[in-house]
Amino acid sequence: MQNALGMTQWACTMWRCLAAAAILSFVGALADPPPCAGEIEIRDAHIMRVEHNGVLVMTDGRALSLEGIRLPNAAQDHGTPAITDQAFAELNSLAKGRELDAHAVYPKEDRYDRVRSQIFDHDGTWLQIEMLKMGLARVDISPDRGECYRELYAAEADARHANLGLWADPAYAFRAPDGLTPADTGTFQIVVGKVLSTAENGGNVYLNFGLDWKKDFTVVISADDLKTFKNMGVDPLNYEGKLVRVRGVVQQLNGPAIAAGNPKQIELLQ
């Protein structure tokens, strides 16, 4: 009887172990990096230090940049220094002294030879998503890249709706097209408004958010970048009448303007 009971207990224990292993395997599969992140470019990158601009420097001297996000910078953003410090501290905690996997798609390096990466810990933690979910970064889509933009935007939206991190600072609030001032020149802003008209002139496309294109906010798509839009099946002239959210660095071109090099910089809201 005792032998039979012992065998039963042993079988139950083995069943629990197998079940636990199956669950862990399932969770691990869910934590796998998404296909949009690209293949592993650098495996087990040992991070020696984190720089204040968000660059991760490896022990062998190579560097990784976190593609698709922008960390807060109080001096540039006219924001709260505490948010900048919090973002740096959190990224430092996530990366420094750890071995991380860097995934990349073409083009893989910037002009400083840093690998433009989606970065994952071995437990499946996605550094960009973690920073966005805590409200310690904003999505920043590059003209020549845009991988995983849906996942990045969704994580940013979760933090924004919860008013976390930088989203509690008015400096990072969405701007109306007529709310931009000369002081915003050179800052990264997210502008929400209706495209009143579109025009193509000299090979460039202009999305006009006001009646006076000489002073009102405009989104500019250069002739070179227009090829990217068309290759992705997007005709920017069709933005006319649409409510959009666009992000980028504010420049002065008659009035305030943002250059859009990638359709993924422009979110259709209606």
# chains A, B, ... in the order shown; residues from 1 in each chain; ligands from 1
>>> select_by_dssp(residues="segment 81-242 of chain A", states="strand (DSSP E or B)", output="PyMOL selection string")
chain A and resi 99-104+109+115-120+126+138-139+175+188-194+197-201+204-208+218-221
>>> residues_around(residues="segment 165-178 of chain A", least_positions_apart="5", cutoff="10 Å", atoms="only C-alpha atoms", output="MDAnalysis selection string")
chainID A and resid 71:72 74 77:80 82:84 86:87 131:138 156 159:160 188:195 208:210 215:218 245:247 256:257
>>> select_by_dssp(residues="segment 31-209 of chain A", states="alpha helix (DSSP H)", output="MDAnalysis selection string")
chainID A and resid 74:77 81:95 127:133 149:161
>>> write_last_selection(atoms="N, CA and C atoms", output="mmCIF file, in the first residue's frame")
data_model
loop_
_atom_site.group_PDB
_atom_site.id
_atom_site.type_symbol
_atom_site.label_atom_id
_atom_site.label_comp_id
_atom_site.auth_asym_id
_atom_site.auth_seq_id
_atom_site.Cartn_x
_atom_site.Cartn_y
_atom_site.Cartn_z
ATOM 1 N N ALA A 74 15.427 67.395 -20.467
ATOM 2 C CA ALA A 74 14.820 68.604 -19.915
ATOM 3 C C ALA A 74 15.325 69.868 -20.601
ATOM 4 N N ALA A 75 16.627 69.934 -20.881
ATOM 5 C CA ALA A 75 17.196 71.142 -21.475
ATOM 6 C C ALA A 75 16.632 71.386 -22.873
ATOM 7 N N GLN A 76 16.538 70.322 -23.675
ATOM 8 C CA GLN A 76 16.024 70.473 -25.037
ATOM 9 C C GLN A 76 14.510 70.595 -25.062
ATOM 10 N N ASP A 77 13.842 69.883 -24.158
ATOM 11 C CA ASP A 77 12.384 69.795 -24.190
ATOM 12 C C ASP A 77 11.690 70.883 -23.383
ATOM 13 N N PRO A 81 13.443 68.446 -15.074
ATOM 14 C CA PRO A 81 14.686 67.664 -14.976
ATOM 15 C C PRO A 81 14.490 66.312 -14.294
ATOM 16 N N ALA A 82 13.551 66.225 -13.362
ATOM 17 C CA ALA A 82 13.345 64.966 -12.648
ATOM 18 C C ALA A 82 12.951 63.839 -13.590
ATOM 19 N N ILE A 83 12.204 64.149 -14.644
ATOM 20 C CA ILE A 83 11.802 63.123 -15.608
ATOM 21 C C ILE A 83 13.016 62.616 -16.374
ATOM 22 N N THR A 84 13.892 63.539 -16.740
ATOM 23 C CA THR A 84 15.128 63.154 -17.418
ATOM 24 C C THR A 84 15.957 62.228 -16.545
ATOM 25 N N ASP A 85 16.095 62.594 -15.276
ATOM 26 C CA ASP A 85 16.878 61.781 -14.342
ATOM 27 C C ASP A 85 16.246 60.415 -14.135
ATOM 28 N N GLN A 86 14.919 60.379 -14.038
ATOM 29 C CA GLN A 86 14.221 59.103 -13.832
ATOM 30 C C GLN A 86 14.401 58.179 -15.032
ATOM 31 N N ALA A 87 14.315 58.748 -16.238
ATOM 32 C CA ALA A 87 14.463 57.936 -17.445
ATOM 33 C C ALA A 87 15.867 57.340 -17.519
ATOM 34 N N PHE A 88 16.876 58.155 -17.229
ATOM 35 C CA PHE A 88 18.249 57.656 -17.257
ATOM 36 C C PHE A 88 18.456 56.564 -16.210
ATOM 37 N N ALA A 89 17.933 56.774 -15.005
ATOM 38 C CA ALA A 89 18.100 55.792 -13.932
ATOM 39 C C ALA A 89 17.435 54.468 -14.300
ATOM 40 N N GLU A 90 16.266 54.532 -14.916
ATOM 41 C CA GLU A 90 15.550 53.301 -15.271
ATOM 42 C C GLU A 90 16.273 52.557 -16.385
ATOM 43 N N LEU A 91 16.722 53.282 -17.400
ATOM 44 C CA LEU A 91 17.449 52.625 -18.481
ATOM 45 C C LEU A 91 18.753 52.035 -17.959
ATOM 46 N N ASN A 92 19.404 52.738 -17.073
ATOM 47 C CA ASN A 92 20.629 52.241 -16.459
ATOM 48 C C ASN A 92 20.366 50.928 -15.724
ATOM 49 N N SER A 93 19.236 50.871 -15.020
ATOM 50 C CA SER A 93 18.862 49.658 -14.290
ATOM 51 C C SER A 93 18.562 48.499 -15.238
ATOM 52 N N LEU A 94 17.946 48.807 -16.360
ATOM 53 C CA LEU A 94 17.574 47.773 -17.326
ATOM 54 C C LEU A 94 18.770 47.230 -18.108
ATOM 55 N N ALA A 95 19.809 48.058 -18.256
ATOM 56 C CA ALA A 95 20.869 47.696 -19.208
ATOM 57 C C ALA A 95 22.254 47.510 -18.611
ATOM 58 N N LEU A 127 13.428 46.492 -24.046
ATOM 59 C CA LEU A 127 13.791 47.740 -23.381
ATOM 60 C C LEU A 127 12.974 48.925 -23.887
ATOM 61 N N GLN A 128 12.769 49.017 -25.194
ATOM 62 C CA GLN A 128 11.994 50.144 -25.718
ATOM 63 C C GLN A 128 10.584 50.146 -25.154
ATOM 64 N N ILE A 129 9.956 48.966 -25.139
ATOM 65 C CA ILE A 129 8.578 48.887 -24.647
ATOM 66 C C ILE A 129 8.515 49.221 -23.167
ATOM 67 N N GLU A 130 9.478 48.759 -22.391
ATOM 68 C CA GLU A 130 9.498 49.058 -20.953
ATOM 69 C C GLU A 130 9.593 50.561 -20.713
ATOM 70 N N MET A 131 10.473 51.227 -21.442
ATOM 71 C CA MET A 131 10.624 52.668 -21.253
ATOM 72 C C MET A 131 9.351 53.415 -21.666
ATOM 73 N N LEU A 132 8.736 52.986 -22.742
ATOM 74 C CA LEU A 132 7.498 53.633 -23.189
ATOM 75 C C LEU A 132 6.364 53.393 -22.210
ATOM 76 N N LYS A 133 6.232 52.176 -21.702
ATOM 77 C CA LYS A 133 5.124 51.840 -20.796
ATOM 78 C C LYS A 133 5.216 52.605 -19.483
ATOM 79 N N TYR A 149 6.463 49.633 -35.243
ATOM 80 C CA TYR A 149 5.831 50.900 -34.870
ATOM 81 C C TYR A 149 4.485 50.691 -34.172
ATOM 82 N N ARG A 150 3.760 49.650 -34.546
ATOM 83 C CA ARG A 150 2.468 49.404 -33.882
ATOM 84 C C ARG A 150 2.664 49.104 -32.402
ATOM 85 N N GLU A 151 3.632 48.231 -32.096
ATOM 86 C CA GLU A 151 3.904 47.877 -30.704
ATOM 87 C C GLU A 151 4.400 49.092 -29.919
ATOM 88 N N LEU A 152 5.245 49.898 -30.535
ATOM 89 C CA LEU A 152 5.778 51.067 -29.862
ATOM 90 C C LEU A 152 4.681 52.092 -29.576
ATOM 91 N N TYR A 153 3.855 52.364 -30.569
ATOM 92 C CA TYR A 153 2.762 53.320 -30.370
ATOM 93 C C TYR A 153 1.781 52.834 -29.301
ATOM 94 N N ALA A 154 1.494 51.542 -29.278
ATOM 95 C CA ALA A 154 0.548 51.001 -28.288
ATOM 96 C C ALA A 154 1.096 51.163 -26.876
ATOM 97 N N ALA A 155 2.387 50.908 -26.691
ATOM 98 C CA ALA A 155 2.993 51.058 -25.364
ATOM 99 C C ALA A 155 2.986 52.522 -24.931
ATOM 100 N N GLU A 156 3.286 53.422 -25.863
ATOM 101 C CA GLU A 156 3.233 54.850 -25.544
ATOM 102 C C GLU A 156 1.817 55.256 -25.145
ATOM 103 N N ALA A 157 0.825 54.759 -25.856
ATOM 104 C CA ALA A 157 -0.568 55.123 -25.562
ATOM 105 C C ALA A 157 -0.977 54.662 -24.164
ATOM 106 N N ASP A 158 -0.531 53.477 -23.759
ATOM 107 C CA ASP A 158 -0.873 52.979 -22.421
ATOM 108 C C ASP A 158 -0.362 53.934 -21.346
ATOM 109 N N ALA A 159 0.873 54.382 -21.475
ATOM 110 C CA ALA A 159 1.450 55.305 -20.481
ATOM 111 C C ALA A 159 0.762 56.666 -20.530
ATOM 112 N N ARG A 160 0.448 57.103 -21.719
ATOM 113 C CA ARG A 160 -0.204 58.413 -21.871
ATOM 114 C C ARG A 160 -1.589 58.415 -21.221
ATOM 115 N N HIS A 161 -2.343 57.352 -21.453
ATOM 116 C CA HIS A 161 -3.682 57.271 -20.870
ATOM 117 C C HIS A 161 -3.633 57.182 -19.350
#
>>> atom_distance(atom1="atom CA of Gln252 of chain A", atom2="atom CA of Val205 of chain A")
16.3 Å
>>> residues_around(residues="Gln118 of chain A", least_positions_apart="4", cutoff="10 Å", atoms="only C-alpha atoms", output="JSON, numbers by chain")
{"A": [33, 36, 37, 38, 39, 40, 41, 64, 65, 66, 67, 68, 69, 101, 102, 103, 104, 105, 126, 127, 128, 129, 147, 148]}
>>> write_last_selection(atoms="C-alpha atoms", output="short mmCIF file (atom, residue, chain, number, x, y, z; two decimals), in the first residue's frame")
data_model
loop_
_atom_site.label_atom_id
_atom_site.label_comp_id
_atom_site.auth_asym_id
_atom_site.auth_seq_id
_atom_site.Cartn_x
_atom_site.Cartn_y
_atom_site.Cartn_z
CA PRO A 33 11.01 38.96 -29.77
CA CYS A 36 9.26 42.97 -36.75
CA ALA A 37 12.39 43.42 -34.61
CA GLY A 38 14.54 41.64 -37.18
CA GLU A 39 17.24 39.05 -36.65
CA ILE A 40 19.78 39.12 -33.82
CA GLU A 41 22.64 41.36 -34.84
CA LEU A 64 23.88 50.34 -29.43
CA SER A 65 21.16 52.93 -29.92
CA LEU A 66 17.55 52.28 -28.98
CA GLU A 67 15.79 52.57 -32.31
CA GLY A 68 12.28 53.99 -32.35
CA ILE A 69 12.22 55.92 -29.08
CA ASP A 101 20.40 40.75 -27.43
CA ALA A 102 20.35 43.46 -30.10
CA HIS A 103 18.03 42.89 -33.07
CA ALA A 104 18.33 45.04 -36.18
CA VAL A 105 16.95 45.57 -39.66
CA TRP A 126 11.94 44.61 -24.47
CA LEU A 127 13.79 47.74 -23.38
CA GLN A 128 11.99 50.14 -25.72
CA ILE A 129 8.58 48.89 -24.65
CA GLU A 147 9.98 48.50 -37.50
CA CYS A 148 7.55 47.52 -34.71
#
>>> closest_residue(among="A:Ala199, A:Leu211, A:Ala183, A:Ala45", to="Asp121 of chain A", atoms="only C-alpha atoms")
A:Ala45
>>> closest_residue(among="A:Gly261, A:Ser197, A:Leu226, A:Asp144", to="Trp213 of chain A", atoms="only C-alpha atoms")
A:Ser197
>>> atom_distance(atom1="atom CA of Val249 of chain A", atom2="atom CA of Gly186 of chain A")
5.8 Å
>>> atom_distance(atom1="atom CA of Leu100 of chain A", atom2="atom CA of Ser117 of chain A")
10.8 Å
>>> residues_around(residues="Gly61 of chain A", least_positions_apart="3", cutoff="12 Å", atoms="only C-alpha atoms", output="number ranges by chain")
A: 45-49, 55-58, 64, 113-115
>>> write_last_selection(atoms="all heavy atoms", output="CSV table (one decimal), in the first residue's frame")
chain,number,residue,atom,x,y,z
A,45,ALA,N,25.2,41.0,-25.8
A,45,ALA,CA,26.0,42.2,-25.7
A,45,ALA,C,26.1,42.7,-24.3
A,45,ALA,O,25.1,42.9,-23.6
A,45,ALA,CB,25.3,43.3,-26.5
A,46,HIS,N,27.4,42.7,-23.7
A,46,HIS,CA,27.6,43.0,-22.4
A,46,HIS,C,27.7,44.5,-22.2
A,46,HIS,O,28.6,45.1,-22.8
A,46,HIS,CB,28.9,42.3,-21.8
A,46,HIS,CG,29.0,42.4,-20.4
A,46,HIS,ND1,30.1,41.8,-19.7
A,46,HIS,CD2,28.3,43.0,-19.4
A,46,HIS,CE1,29.9,42.0,-18.4
A,46,HIS,NE2,28.9,42.8,-18.2
A,47,ILE,N,26.8,45.1,-21.5
A,47,ILE,CA,26.7,46.6,-21.5
A,47,ILE,C,27.5,47.1,-20.3
A,47,ILE,O,27.3,46.8,-19.2
A,47,ILE,CB,25.2,47.1,-21.3
A,47,ILE,CG1,24.3,46.5,-22.4
A,47,ILE,CG2,25.1,48.6,-21.3
A,47,ILE,CD1,24.7,46.7,-23.8
A,48,MET,N,28.5,47.9,-20.7
A,48,MET,CA,29.5,48.5,-19.7
A,48,MET,C,28.9,49.8,-19.1
A,48,MET,O,29.0,50.0,-17.9
A,48,MET,CB,30.8,48.8,-20.4
A,48,MET,CG,31.8,49.4,-19.5
A,48,MET,SD,33.4,49.6,-20.4
A,48,MET,CE,33.0,50.7,-21.7
A,49,ARG,N,28.3,50.6,-20.0
A,49,ARG,CA,27.7,51.8,-19.4
A,49,ARG,C,26.6,52.3,-20.3
A,49,ARG,O,26.4,51.9,-21.4
A,49,ARG,CB,28.8,52.9,-19.3
A,49,ARG,CG,29.2,53.5,-20.6
A,49,ARG,CD,30.2,54.7,-20.3
A,49,ARG,NE,30.5,55.4,-21.6
A,49,ARG,CZ,31.5,55.0,-22.4
A,49,ARG,NH1,32.3,54.0,-22.1
A,49,ARG,NH2,31.8,55.7,-23.5
A,55,VAL,N,22.4,55.9,-25.4
A,55,VAL,CA,23.3,55.0,-26.1
A,55,VAL,C,23.9,54.0,-25.1
A,55,VAL,O,24.3,54.4,-24.0
A,55,VAL,CB,24.4,55.7,-26.8
A,55,VAL,CG1,25.5,54.7,-27.3
A,55,VAL,CG2,23.8,56.5,-27.9
A,56,LEU,N,23.9,52.7,-25.4
A,56,LEU,CA,24.4,51.6,-24.6
A,56,LEU,C,25.8,51.3,-25.1
A,56,LEU,O,25.9,50.9,-26.3
A,56,LEU,CB,23.5,50.4,-24.6
A,56,LEU,CG,22.0,50.7,-24.3
A,56,LEU,CD1,21.3,49.3,-24.3
A,56,LEU,CD2,21.8,51.5,-23.1
A,57,VAL,N,26.8,51.4,-24.3
A,57,VAL,CA,28.2,51.1,-24.7
A,57,VAL,C,28.6,49.7,-24.2
A,57,VAL,O,28.5,49.4,-23.0
A,57,VAL,CB,29.2,52.2,-24.2
A,57,VAL,CG1,30.6,51.8,-24.7
A,57,VAL,CG2,28.7,53.5,-24.7
A,58,MET,N,29.1,48.9,-25.1
A,58,MET,CA,29.5,47.5,-24.7
A,58,MET,C,30.9,47.5,-24.2
A,58,MET,O,31.7,48.4,-24.4
A,58,MET,CB,29.3,46.6,-25.9
A,58,MET,CG,27.8,46.4,-26.3
A,58,MET,SD,27.7,45.3,-27.7
A,58,MET,CE,28.2,46.4,-29.1
A,64,LEU,N,25.2,50.6,-28.9
A,64,LEU,CA,23.9,50.3,-29.4
A,64,LEU,C,23.0,51.6,-29.2
A,64,LEU,O,23.1,52.2,-28.1
A,64,LEU,CB,23.3,49.2,-28.7
A,64,LEU,CG,24.1,47.9,-28.6
A,64,LEU,CD1,23.3,46.9,-27.7
A,64,LEU,CD2,24.3,47.2,-30.0
A,113,ASP,N,28.3,54.8,-36.4
A,113,ASP,CA,28.6,53.4,-36.3
A,113,ASP,C,27.9,52.7,-35.1
A,113,ASP,O,28.3,51.6,-34.8
A,113,ASP,CB,30.1,53.1,-36.3
A,113,ASP,CG,30.8,53.6,-37.5
A,113,ASP,OD1,30.2,53.5,-38.6
A,113,ASP,OD2,32.0,54.0,-37.4
A,114,ARG,N,26.9,53.3,-34.6
A,114,ARG,CA,26.2,52.6,-33.5
A,114,ARG,C,25.1,51.7,-34.1
A,114,ARG,O,24.5,52.1,-35.1
A,114,ARG,CB,25.5,53.7,-32.6
A,114,ARG,CG,26.5,54.6,-31.9
A,114,ARG,CD,25.8,55.7,-31.1
A,114,ARG,NE,25.0,56.6,-31.9
A,114,ARG,CZ,24.7,57.8,-31.6
A,114,ARG,NH1,25.2,58.4,-30.4
A,114,ARG,NH2,23.9,58.6,-32.3
A,115,VAL,N,24.9,50.5,-33.6
A,115,VAL,CA,23.9,49.6,-34.1
A,115,VAL,C,22.6,50.0,-33.7
A,115,VAL,O,22.3,50.1,-32.5
A,115,VAL,CB,24.2,48.2,-33.6
A,115,VAL,CG1,23.2,47.2,-34.2
A,115,VAL,CG2,25.6,47.8,-34.1
>>> closest_residue(among="A:Pro263, A:Gly255, A:Gly248, A:Pro34", to="Asp225 of chain A", atoms="only C-alpha atoms")
A:Pro263
>>> closest_residue(among="A:Gln270, A:Asn231, A:Gln251, A:Asn73", to="Thr185 of chain A", atoms="only C-alpha atoms")
A:Gln251
